[in-house]
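Student: Structure file query05.tsv (TSV, C-alpha atoms) is given on the next line.
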chain	number	residue	atom	x	y	z
A	1	MET	CA	-64.63	-36.44	71.82
A	2	LYS	CA	-65.86	-38.94	74.41
A	3	LEU	CA	-64.68	-39.19	78.02
A	4	CYS	CA	-65.52	-42.12	80.28
A	5	ASP	CA	-65.79	-41.94	84.07
A	6	SER	CA	-64.66	-45.38	85.23
A	7	HIS	CA	-65.67	-44.96	88.87
A	8	THR	CA	-68.39	-42.92	90.59
A	9	HIS	CA	-70.80	-43.18	93.50
A	10	ILE	CA	-73.49	-41.37	91.59
A	11	ASP	CA	-76.11	-43.61	93.20
A	12	GLN	CA	-75.58	-41.69	96.46
A	13	TYR	CA	-76.98	-38.45	95.02
A	14	SER	CA	-80.67	-37.70	95.42
A	15	SER	CA	-82.86	-38.60	92.46
A	16	SER	CA	-83.71	-34.92	92.00
A	17	GLU	CA	-80.01	-34.13	91.46
A	18	LEU	CA	-79.33	-36.74	88.80
A	19	PRO	CA	-80.82	-35.11	85.68
A	20	GLY	CA	-78.72	-31.98	86.24
A	21	ILE	CA	-75.57	-33.97	87.03
A	22	LEU	CA	-75.97	-36.05	83.90
A	23	GLN	CA	-76.69	-33.05	81.70
A	24	ARG	CA	-73.57	-31.27	82.99
A	25	ALA	CA	-71.61	-34.45	82.31
A	26	MET	CA	-72.83	-34.67	78.72
A	27	ASP	CA	-72.09	-30.96	78.22
A	28	SER	CA	-68.52	-31.79	79.30
A	29	LYS	CA	-68.19	-34.62	76.74
A	30	VAL	CA	-68.72	-37.48	79.20
A	31	SER	CA	-70.28	-40.41	77.35
A	32	LEU	CA	-70.17	-43.11	80.02
A	33	ILE	CA	-70.42	-43.18	83.83
A	34	ILE	CA	-69.86	-46.34	85.84
A	35	ALA	CA	-71.81	-46.34	89.11
A	36	ALA	CA	-69.94	-48.44	91.66
A	37	GLY	CA	-71.81	-50.39	94.31
A	38	THR	CA	-70.50	-50.46	97.88
A	39	THR	CA	-73.12	-52.75	99.44
A	40	ILE	CA	-75.70	-55.14	98.06
A	41	ALA	CA	-78.34	-52.40	98.40
A	42	SER	CA	-76.26	-49.79	96.59
A	43	SER	CA	-75.28	-52.31	93.91
A	44	LYS	CA	-78.98	-52.90	93.23
A	45	LYS	CA	-79.49	-49.14	93.06
A	46	CYS	CA	-76.63	-48.79	90.57
A	47	ILE	CA	-78.25	-51.45	88.38
A	48	ASN	CA	-81.58	-49.67	88.64
A	49	LEU	CA	-80.02	-46.35	87.59
A	50	SER	CA	-78.36	-48.05	84.63
A	51	THR	CA	-81.78	-49.13	83.36
A	52	GLN	CA	-83.11	-45.56	83.68
A	53	TYR	CA	-80.22	-43.60	82.18
A	54	PRO	CA	-78.32	-44.69	79.04
A	55	LEU	CA	-75.24	-42.79	80.24
A	56	ILE	CA	-74.85	-45.05	83.30
A	57	LYS	CA	-73.50	-48.59	83.57
A	58	ALA	CA	-73.33	-50.50	86.84
A	59	GLY	CA	-70.66	-52.06	88.99
A	60	VAL	CA	-71.51	-54.62	91.66
A	61	GLY	CA	-69.47	-54.95	94.82
A	62	ILE	CA	-69.11	-54.68	98.56
A	63	HIS	CA	-66.55	-52.09	99.65
A	64	PRO	CA	-63.92	-53.41	102.10
A	65	THR	CA	-65.02	-50.99	104.81
A	66	GLU	CA	-68.59	-52.32	104.43
A	67	VAL	CA	-67.60	-55.95	105.07
A	68	GLN	CA	-69.43	-56.90	108.27
A	69	ASN	CA	-68.97	-60.67	108.35
A	70	PHE	CA	-67.32	-63.46	106.41
A	71	PHE	CA	-69.25	-63.98	103.17
A	72	ASP	CA	-71.63	-66.92	103.41
A	73	ASP	CA	-73.28	-68.78	100.54
A	74	SER	CA	-76.23	-66.38	100.62
A	75	ILE	CA	-74.12	-63.26	100.05
A	76	ILE	CA	-72.05	-64.96	97.35
A	77	SER	CA	-75.19	-66.19	95.59
A	78	THR	CA	-76.84	-62.76	95.77
A	79	LEU	CA	-73.80	-61.01	94.28
A	80	ASN	CA	-73.50	-63.65	91.59
A	81	GLN	CA	-77.15	-63.30	90.62
A	82	LEU	CA	-76.80	-59.50	90.34
A	83	VAL	CA	-73.92	-59.93	87.91
A	84	LYS	CA	-74.90	-63.01	85.93
A	85	ASN	CA	-76.30	-62.43	82.45
A	86	ASN	CA	-76.84	-58.73	83.15
A	87	PRO	CA	-75.41	-56.54	80.36
A	88	GLN	CA	-75.93	-53.43	82.51
A	89	VAL	CA	-73.31	-54.73	84.96
A	90	VAL	CA	-69.89	-54.14	83.41
A	91	CYS	CA	-67.51	-54.77	86.33
A	92	MET	CA	-67.05	-55.83	89.93
A	93	SER	CA	-66.83	-52.51	91.74
A	94	GLU	CA	-66.12	-51.54	94.41
A	95	THR	CA	-64.09	-54.21	96.15
A	96	GLY	CA	-60.57	-54.40	97.57
A	97	MET	CA	-58.65	-54.02	100.81
A	98	ASP	CA	-58.50	-51.19	103.36
A	99	TYR	CA	-56.14	-51.11	106.35
A	100	LEU	CA	-56.99	-47.72	107.81
A	101	PRO	CA	-57.53	-47.74	111.60
A	102	GLY	CA	-61.01	-48.97	112.41
A	103	SER	CA	-61.41	-50.95	109.19
A	104	PRO	CA	-62.96	-54.43	109.35
A	105	ASP	CA	-60.97	-57.54	110.21
A	106	LYS	CA	-58.30	-58.19	107.57
A	107	GLN	CA	-59.20	-61.85	107.17
A	108	MET	CA	-62.85	-60.96	106.55
A	109	GLN	CA	-61.79	-58.37	103.99
A	110	GLU	CA	-59.54	-60.85	102.22
A	111	GLN	CA	-62.23	-63.52	101.98
A	112	ALA	CA	-64.73	-60.95	100.65
A	113	PHE	CA	-62.19	-59.67	98.11
A	114	ARG	CA	-61.33	-63.17	96.89
A	115	GLU	CA	-64.98	-64.14	96.50
A	116	GLN	CA	-65.74	-61.00	94.49
A	117	ILE	CA	-62.75	-61.57	92.21
A	118	ARG	CA	-63.99	-65.13	91.64
A	119	ILE	CA	-67.47	-63.89	90.78
A	120	GLY	CA	-65.92	-61.43	88.34
A	121	ILE	CA	-63.85	-64.12	86.66
A	122	GLU	CA	-66.81	-66.51	86.50
A	123	ASN	CA	-68.88	-63.83	84.76
A	124	ASN	CA	-66.06	-62.29	82.71
A	125	LYS	CA	-66.21	-58.92	84.49
A	126	PRO	CA	-63.05	-56.92	85.31
A	127	ILE	CA	-62.18	-56.05	88.91
A	128	ILE	CA	-62.11	-52.37	89.88
A	129	PHE	CA	-60.36	-52.40	93.21
A	130	HIS	CA	-59.66	-50.21	96.21
A	131	SER	CA	-56.33	-50.46	98.06
A	132	ARG	CA	-55.59	-48.20	101.02
A	133	GLY	CA	-52.59	-49.02	103.18
A	134	ALA	CA	-52.82	-52.57	101.85
A	135	HIS	CA	-50.94	-52.73	98.55
A	136	GLU	CA	-48.81	-55.78	99.38
A	137	ASP	CA	-51.78	-57.92	100.34
A	138	THR	CA	-53.98	-56.48	97.59
A	139	PHE	CA	-51.48	-57.41	94.88
A	140	ARG	CA	-50.84	-60.84	96.43
A	141	ILE	CA	-54.55	-61.65	96.38
A	142	LEU	CA	-55.02	-60.34	92.84
A	143	SER	CA	-52.10	-62.46	91.66
A	144	GLU	CA	-53.23	-65.62	93.46
A	145	GLU	CA	-56.77	-65.23	92.09
A	146	LYS	CA	-55.44	-64.63	88.55
A	147	VAL	CA	-57.03	-61.22	88.02
A	148	TYR	CA	-55.18	-60.98	84.72
A	149	SER	CA	-57.72	-63.39	83.23
A	150	VAL	CA	-60.35	-60.60	83.23
A	151	GLY	CA	-58.22	-57.50	83.89
A	152	GLY	CA	-58.66	-54.85	86.51
A	153	ILE	CA	-58.34	-51.19	87.43
A	154	MET	CA	-56.53	-49.75	90.44
A	155	HIS	CA	-59.04	-47.12	91.48
A	156	TYR	CA	-58.21	-43.55	92.63
A	157	PHE	CA	-54.48	-44.05	92.24
A	158	GLN	CA	-52.17	-41.92	94.38
A	159	GLY	CA	-49.16	-44.22	94.67
A	160	ASP	CA	-45.63	-44.22	93.31
A	161	ILE	CA	-44.32	-45.59	90.02
A	162	ILE	CA	-43.29	-48.92	91.59
A	163	THR	CA	-46.86	-49.47	92.77
A	164	ALA	CA	-48.24	-48.51	89.37
A	165	LEU	CA	-45.94	-50.92	87.56
A	166	LYS	CA	-46.88	-53.77	89.90
A	167	ALA	CA	-50.55	-53.23	89.09
A	168	ILE	CA	-49.80	-53.05	85.37
A	169	GLU	CA	-47.82	-56.32	85.56
A	170	LEU	CA	-50.98	-57.96	86.92
A	171	GLY	CA	-52.94	-56.83	83.86
A	172	CYS	CA	-54.53	-53.82	85.54
A	173	PHE	CA	-54.99	-50.22	84.49
A	174	ILE	CA	-54.24	-47.19	86.64
A	175	SER	CA	-57.20	-44.90	87.28
A	176	ILE	CA	-56.43	-41.22	87.73
A	177	ALA	CA	-58.77	-38.79	89.50
A	178	ARG	CA	-58.76	-35.20	90.79
A	179	PRO	CA	-55.74	-35.62	93.10
A	180	LEU	CA	-53.72	-35.19	89.90
A	181	LEU	CA	-54.75	-31.53	89.96
A	182	ARG	CA	-53.24	-30.85	93.38
A	183	LEU	CA	-50.45	-33.36	94.09
A	184	PRO	CA	-47.09	-32.56	92.41
A	185	GLU	CA	-45.69	-35.96	93.38
A	186	LEU	CA	-48.59	-37.71	91.66
A	187	GLU	CA	-48.03	-35.56	88.58
A	188	MET	CA	-44.42	-36.76	88.47
A	189	THR	CA	-45.50	-40.39	88.84
A	190	VAL	CA	-48.18	-40.12	86.16
A	191	LYS	CA	-45.60	-38.65	83.80
A	192	HIS	CA	-43.88	-42.05	83.85
A	193	ILE	CA	-46.98	-44.27	83.61
A	194	PRO	CA	-47.55	-45.28	79.97
A	195	ILE	CA	-50.63	-43.55	78.61
A	196	HIS	CA	-51.98	-46.86	77.32
A	197	ASN	CA	-52.22	-48.06	80.92
A	198	ILE	CA	-54.32	-45.13	82.21
A	199	VAL	CA	-58.06	-44.62	82.61
A	200	LEU	CA	-59.93	-41.71	84.21
A	201	GLU	CA	-62.44	-41.36	87.03
A	202	THR	CA	-63.95	-38.82	89.42
A	203	ASP	CA	-65.00	-41.07	92.34
A	204	CYS	CA	-67.76	-38.50	92.79
A	205	TYR	CA	-70.26	-38.62	95.65
A	206	PRO	CA	-72.29	-35.99	97.55
A	207	GLN	CA	-69.99	-33.62	99.43
A	208	PRO	CA	-72.08	-31.48	101.80
A	209	PHE	CA	-68.95	-30.72	103.82
A	210	LYS	CA	-67.91	-28.36	101.01
A	211	LYS	CA	-69.17	-24.81	101.41
A	212	HIS	CA	-70.66	-24.44	97.93
A	213	ARG	CA	-72.69	-27.00	95.99
A	214	SER	CA	-70.82	-25.99	92.83
A	215	SER	CA	-67.62	-27.37	94.39
A	216	TRP	CA	-68.93	-30.92	94.70
A	217	THR	CA	-67.07	-33.35	92.45
A	218	GLU	CA	-69.19	-34.57	89.52
A	219	PRO	CA	-68.48	-36.50	86.31
A	220	ARG	CA	-68.16	-33.14	84.54
A	221	HIS	CA	-64.81	-32.72	86.29
A	222	LEU	CA	-63.41	-35.49	84.13
A	223	MET	CA	-62.57	-32.77	81.62
A	224	ASP	CA	-60.28	-31.06	84.14
A	225	ILE	CA	-58.45	-34.33	84.79
A	226	ALA	CA	-58.12	-35.05	81.07
A	227	SER	CA	-56.79	-31.55	80.43
A	228	LYS	CA	-54.15	-31.91	83.15
A	229	LEU	CA	-53.15	-35.33	81.86
A	230	ALA	CA	-52.88	-33.93	78.33
A	231	ALA	CA	-50.49	-31.23	79.55
A	232	ILE	CA	-48.36	-33.79	81.40
A	233	LYS	CA	-48.17	-36.16	78.43
A	234	GLY	CA	-47.79	-33.50	75.72
A	235	LEU	CA	-50.97	-34.65	74.00
A	236	THR	CA	-54.25	-32.97	73.09
A	237	VAL	CA	-57.34	-33.43	75.23
A	238	GLU	CA	-58.94	-35.16	72.25
A	239	GLU	CA	-56.08	-37.67	72.16
A	240	ILE	CA	-56.34	-38.27	75.91
A	241	ALA	CA	-60.09	-38.84	75.58
A	242	SER	CA	-59.64	-41.30	72.72
A	243	ILE	CA	-56.81	-43.26	74.35
A	244	THR	CA	-58.32	-43.52	77.84
A	245	THR	CA	-61.73	-44.45	76.44
A	246	ASN	CA	-60.19	-47.20	74.30
A	247	ASN	CA	-58.18	-48.38	77.31
A	248	LEU	CA	-61.36	-48.75	79.33
A	249	LYS	CA	-63.17	-50.44	76.46
A	250	SER	CA	-60.40	-53.01	76.22
A	251	ILE	CA	-61.56	-54.63	79.48
A	252	VAL	CA	-64.97	-53.12	80.30
A	253	LYS	CA	-67.56	-54.08	77.72
A	254	PHE	CA	-70.04	-51.29	77.04
For this file, produce the structure as structure tokens.
Tutor:
Amino acid sequence: MKLCDSHTHIDQYSSSELPGILQRAMDSKVSLIIAAGTTIASSKKCINLSTQYPLIKAGVGIHPTEVQNFFDDSIISTLNQLVKNNPQVVCMSETGMDYLPGSPDKQMQEQAFREQIRIGIENNKPIIFHSRGAHEDTFRILSEEKVYSVGGIMHYFQGDIITALKAIELGCFISIARPLLRLPELEMTVKHIPIHNIVLETDCYPQPFKKHRSSWTEPRHLMDIASKLAAIKGLTVEEIASITTNNLKSIVKF
């Protein structure tokens, strides 16, 4: 049985933590972890980790809340060079749109999102995207930029079935994380999402705000998500692992 974590921020953990995190992941049947960049610096770190640890592959991207200016030729060129001809980079991640109060200018976000989709298409890398309070614009941009030519993944999904089906129509998968364990309304939605359109993730990152270190989300928690999904779908965990791994492999080359 092999589980794949399609989205993490494992680069944000200290280097001393990583061996233990990766060992716990392997003990929990996790065979692949995608480290998602949120800035140019973190994207470079994700690539570096992917050269050190066979379990890790890299995503390159600038998170919408990290967009500080309109992308100029220098930023576009830098991102393109990180992706181009680099087998360790398997996707554009993390990019997207975020309309929470205090988020960057919407026009700057949109330009950054479009440029990253274009880099992904140019280099045949799928788009793993963030959408918070911005679904209408996110889907419009994905459609206009023809994301279906490389495929995509709607990361950390917590929406309704209409939202899920819109993403699927664009050639994107739905990525399910730990909210499935605590949100009954998400459980009901996931029940109606076809299993062949679902991938798994943890979106893990250091969580010092939690009282106990053992409570921090790690890739090992993918097993909990898979077990819950298996119960919802009436399948075995082994079947969930096989299907979701093959789903991810269908657009992310690793």
Student: From the options A:Cys91, A:Leu235, A:Val252, A:Ala230, which residue's atoms come nearest to Ser43 (chain A), counting all atoms listed in the file?
Tutor: A:Cys91
Student: Under the rule that all atoms listed in the file are counted, which of A:Asn86, A:His9, A:Pro19, A:Phe71 is the nearest residue to Ser42 (chain A)?
Tutor: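 Checking each of A:Asn86, A:His9, A:Pro19, A:Phe71 against Ser42 (chain A), counting all atoms listed in the file, the winner is A:His9.
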Student: Show me, as a PyMOL selection string, the residues that have an atom within 8 Å of region 133-149 of chain A when counting only C-alpha atoms, minus same-chain residues fewer than 4 positions from it.
Tutor: chain A and resi 96-100+110+114+117-118+121+126-127+163+166-167+170-172
Student: Kindly indicate which residue among A:Gln116, A:Ser15, A:Asp160, A:Ser77 lies nearest to Leu183 (chain A), using only C-alpha atoms for the distances.
Tutor: A:Asp160
Student: Between A:His63, A:Lys106, A:Lys45, A:Arg220, which has the minimum distance to Val89 (chain A) (counting all atoms listed in the file)?
Tutor: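 Nearest to Val89 (chain A): A:Lys45.
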Student: Quick one, how far is CA of Asp224 (chain A) from CA of Val60 (chain A)?
Tutor: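 So the two atoms, CA of Asp224 (chain A) and CA of Val60 (chain A), lie 27.2 Å apart.
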Student: Might you pull out every residue within 12 Å of Ser14 (chain A), with only C-alpha atoms counted and same-chain residues fewer than 3 positions away left off, and present them as a PDB file with C-alpha atoms, in the frame of the given file?
Tutor:
ATOM      1  CA  HIS A   9     -70.800 -43.180  93.500  1.00  0.00           C
ATOM      2  CA  ILE A  10     -73.490 -41.370  91.590  1.00  0.00           C
ATOM      3  CA  ASP A  11     -76.110 -43.610  93.200  1.00  0.00           C
ATOM      4  CA  GLU A  17     -80.010 -34.130  91.460  1.00  0.00           C
ATOM      5  CA  LEU A  18     -79.330 -36.740  88.800  1.00  0.00           C
ATOM      6  CA  PRO A  19     -80.820 -35.110  85.680  1.00  0.00           C
ATOM      7  CA  GLY A  20     -78.720 -31.980  86.240  1.00  0.00           C
ATOM      8  CA  ILE A  21     -75.570 -33.970  87.030  1.00  0.00           C
ATOM      9  CA  LYS A  45     -79.490 -49.140  93.060  1.00  0.00           C
ATOM     10  CA  LEU A  49     -80.020 -46.350  87.590  1.00  0.00           C
ATOM     11  CA  TYR A 205     -70.260 -38.620  95.650  1.00  0.00           C
ATOM     12  CA  PRO A 206     -72.290 -35.990  97.550  1.00  0.00           C
TER      13      PRO A 206
END
Student: For Glu185 (chain A), which of A:Val150, A:Ile161, A:Ile119, A:Leu222 is the closest residue, counting only C-alpha atoms?
Tutor: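 The shortest atom-to-atom distance to Glu185 (chain A) comes from A:Ile161.
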Student: For a quick check of understanding, using all atoms listed in the file, which of A:Thr245, A:Gln88, A:Asn197, A:Ser103 has the smallest distance to Lys29 (chain A)?
Tutor: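 Checking each candidate against Lys29 (chain A), we get A:Thr245 as the closest.
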Student: Fewer than 2 positions away in the same chain doesn't count, so skip those; otherwise give me all residues within 6 Å of region 155-159 of chain A, counting all atoms listed in the file, as a list in words.
Tutor: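 Near neighbours after the sequence-gap exclusion: Phe129, His130, Ile153, Ser175, Ile176 and Ala177 of chain A.
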Student: What does the structure give for the distance between CA of His221 (chain A) and CA of Asp203 (chain A), in Å to one decimal?
Tutor: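 Separation between CA of His221 (chain A) and CA of Asp203 (chain A): 10.3 Å.
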Student: Compile the contact shell of Val90 (chain A) as a ChimeraX atom specification: residues with an atom at most 12 Å away, counting all atoms listed in the file, same-chain residues fewer than 4 positions apart removed.
Tutor: /A:6-7,32-37,43,46-47,50,56-61,82-86,94,120,123-128,150,152,248-254
Student: Go ahead and compute the interatomic distance for CA of Ala226 (chain A) and CA of Ala241 (chain A), in Å to one decimal.
Tutor: 7.0 Å
Student: Rebuild N, CA and C atoms on region 33-67 of chain A, as an mmCIF file, in the coordinates of the input?
Tutor:
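So the final result, stored in selection_29.cif, reads:
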data_model
loop_
_atom_site.group_PDB
_atom_site.id
_atom_site.type_symbol
_atom_site.label_atom_id
_atom_site.label_comp_id
_atom_site.auth_asym_id
_atom_site.auth_seq_id
_atom_site.Cartn_x
_atom_site.Cartn_y
_atom_site.Cartn_z
ATOM 1 N N ILE A 33 -70.663 -43.294 82.383
ATOM 2 C CA ILE A 33 -70.420 -43.180 83.830
ATOM 3 C C ILE A 33 -70.674 -44.538 84.446
ATOM 4 N N ILE A 34 -69.667 -45.077 85.125
ATOM 5 C CA ILE A 34 -69.860 -46.340 85.840
ATOM 6 C C ILE A 34 -70.200 -46.025 87.290
ATOM 7 N N ALA A 35 -71.361 -46.511 87.729
ATOM 8 C CA ALA A 35 -71.810 -46.340 89.110
ATOM 9 C C ALA A 35 -71.368 -47.558 89.901
ATOM 10 N N ALA A 36 -70.520 -47.344 90.894
ATOM 11 C CA ALA A 36 -69.940 -48.440 91.660
ATOM 12 C C ALA A 36 -70.752 -48.730 92.910
ATOM 13 N N GLY A 37 -71.115 -49.991 93.100
ATOM 14 C CA GLY A 37 -71.810 -50.390 94.310
ATOM 15 C C GLY A 37 -70.845 -50.532 95.473
ATOM 16 N N THR A 38 -71.323 -50.277 96.675
ATOM 17 C CA THR A 38 -70.500 -50.460 97.880
ATOM 18 C C THR A 38 -71.121 -51.453 98.858
ATOM 19 N N THR A 39 -72.385 -51.752 98.660
ATOM 20 C CA THR A 39 -73.120 -52.750 99.440
ATOM 21 C C THR A 39 -74.051 -53.468 98.473
ATOM 22 N N ILE A 40 -74.727 -54.482 98.933
ATOM 23 C CA ILE A 40 -75.700 -55.140 98.060
ATOM 24 C C ILE A 40 -76.812 -54.156 97.691
ATOM 25 N N ALA A 41 -77.273 -53.361 98.672
ATOM 26 C CA ALA A 41 -78.340 -52.400 98.400
ATOM 27 C C ALA A 41 -77.906 -51.348 97.385
ATOM 28 N N SER A 42 -76.709 -50.815 97.539
ATOM 29 C CA SER A 42 -76.260 -49.790 96.590
ATOM 30 C C SER A 42 -75.956 -50.394 95.223
ATOM 31 N N SER A 43 -75.495 -51.649 95.195
ATOM 32 C CA SER A 43 -75.280 -52.310 93.910
ATOM 33 C C SER A 43 -76.599 -52.453 93.150
ATOM 34 N N LYS A 44 -77.649 -52.802 93.866
ATOM 35 C CA LYS A 44 -78.980 -52.900 93.230
ATOM 36 C C LYS A 44 -79.425 -51.533 92.725
ATOM 37 N N LYS A 45 -79.119 -50.484 93.497
ATOM 38 C CA LYS A 45 -79.490 -49.140 93.060
ATOM 39 C C LYS A 45 -78.709 -48.736 91.817
ATOM 40 N N CYS A 46 -77.431 -49.095 91.757
ATOM 41 C CA CYS A 46 -76.630 -48.790 90.570
ATOM 42 C C CYS A 46 -77.219 -49.476 89.339
ATOM 43 N N ILE A 47 -77.630 -50.729 89.500
ATOM 44 C CA ILE A 47 -78.250 -51.450 88.380
ATOM 45 C C ILE A 47 -79.535 -50.763 87.959
ATOM 46 N N ASN A 48 -80.331 -50.357 88.937
ATOM 47 C CA ASN A 48 -81.580 -49.670 88.640
ATOM 48 C C ASN A 48 -81.345 -48.372 87.870
ATOM 49 N N LEU A 49 -80.343 -47.594 88.298
ATOM 50 C CA LEU A 49 -80.020 -46.350 87.590
ATOM 51 C C LEU A 49 -79.566 -46.634 86.162
ATOM 52 N N SER A 50 -78.850 -47.730 85.975
ATOM 53 C CA SER A 50 -78.360 -48.050 84.630
ATOM 54 C C SER A 50 -79.491 -48.414 83.676
ATOM 55 N N THR A 51 -80.618 -48.852 84.217
ATOM 56 C CA THR A 51 -81.780 -49.130 83.360
ATOM 57 C C THR A 51 -82.571 -47.868 83.055
ATOM 58 N N GLN A 52 -82.390 -46.824 83.881
ATOM 59 C CA GLN A 52 -83.110 -45.560 83.680
ATOM 60 C C GLN A 52 -82.365 -44.584 82.783
ATOM 61 N N TYR A 53 -81.027 -44.611 82.865
ATOM 62 C CA TYR A 53 -80.220 -43.600 82.180
ATOM 63 C C TYR A 53 -79.188 -44.271 81.273
ATOM 64 N N PRO A 54 -79.257 -44.055 79.967
ATOM 65 C CA PRO A 54 -78.320 -44.690 79.040
ATOM 66 C C PRO A 54 -76.860 -44.354 79.314
ATOM 67 N N LEU A 55 -76.605 -43.219 79.957
ATOM 68 C CA LEU A 55 -75.240 -42.790 80.240
ATOM 69 C C LEU A 55 -74.564 -43.652 81.305
ATOM 70 N N ILE A 56 -75.375 -44.343 82.132
ATOM 71 C CA ILE A 56 -74.850 -45.050 83.300
ATOM 72 C C ILE A 56 -74.779 -46.554 83.050
ATOM 73 N N LYS A 57 -73.649 -47.146 83.450
ATOM 74 C CA LYS A 57 -73.500 -48.590 83.570
ATOM 75 C C LYS A 57 -73.201 -48.895 85.038
ATOM 76 N N ALA A 58 -73.420 -50.149 85.426
ATOM 77 C CA ALA A 58 -73.330 -50.500 86.840
ATOM 78 C C ALA A 58 -72.125 -51.365 87.170
ATOM 79 N N GLY A 59 -71.602 -51.155 88.378
ATOM 80 C CA GLY A 59 -70.660 -52.060 88.990
ATOM 81 C C GLY A 59 -71.314 -52.680 90.212
ATOM 82 N N VAL A 60 -70.979 -53.914 90.495
ATOM 83 C CA VAL A 60 -71.510 -54.620 91.660
ATOM 84 C C VAL A 60 -70.362 -54.941 92.601
ATOM 85 N N GLY A 61 -70.526 -54.624 93.878
ATOM 86 C CA GLY A 61 -69.470 -54.950 94.820
ATOM 87 C C GLY A 61 -69.814 -54.539 96.239
ATOM 88 N N ILE A 62 -69.039 -55.076 97.160
ATOM 89 C CA ILE A 62 -69.110 -54.680 98.560
ATOM 90 C C ILE A 62 -67.756 -54.095 98.944
ATOM 91 N N HIS A 63 -67.759 -52.825 99.297
ATOM 92 C CA HIS A 63 -66.550 -52.090 99.650
ATOM 93 C C HIS A 63 -65.896 -52.728 100.886
ATOM 94 N N PRO A 64 -64.564 -52.758 100.945
ATOM 95 C CA PRO A 64 -63.920 -53.410 102.100
ATOM 96 C C PRO A 64 -64.327 -52.844 103.453
ATOM 97 N N THR A 65 -64.616 -51.554 103.522
ATOM 98 C CA THR A 65 -65.020 -50.990 104.810
ATOM 99 C C THR A 65 -66.472 -51.308 105.154
ATOM 100 N N GLU A 66 -67.195 -51.913 104.197
ATOM 101 C CA GLU A 66 -68.590 -52.320 104.430
ATOM 102 C C GLU A 66 -68.705 -53.817 104.728
ATOM 103 N N VAL A 67 -67.584 -54.515 104.773
ATOM 104 C CA VAL A 67 -67.600 -55.950 105.070
ATOM 105 C C VAL A 67 -67.884 -56.143 106.563
#
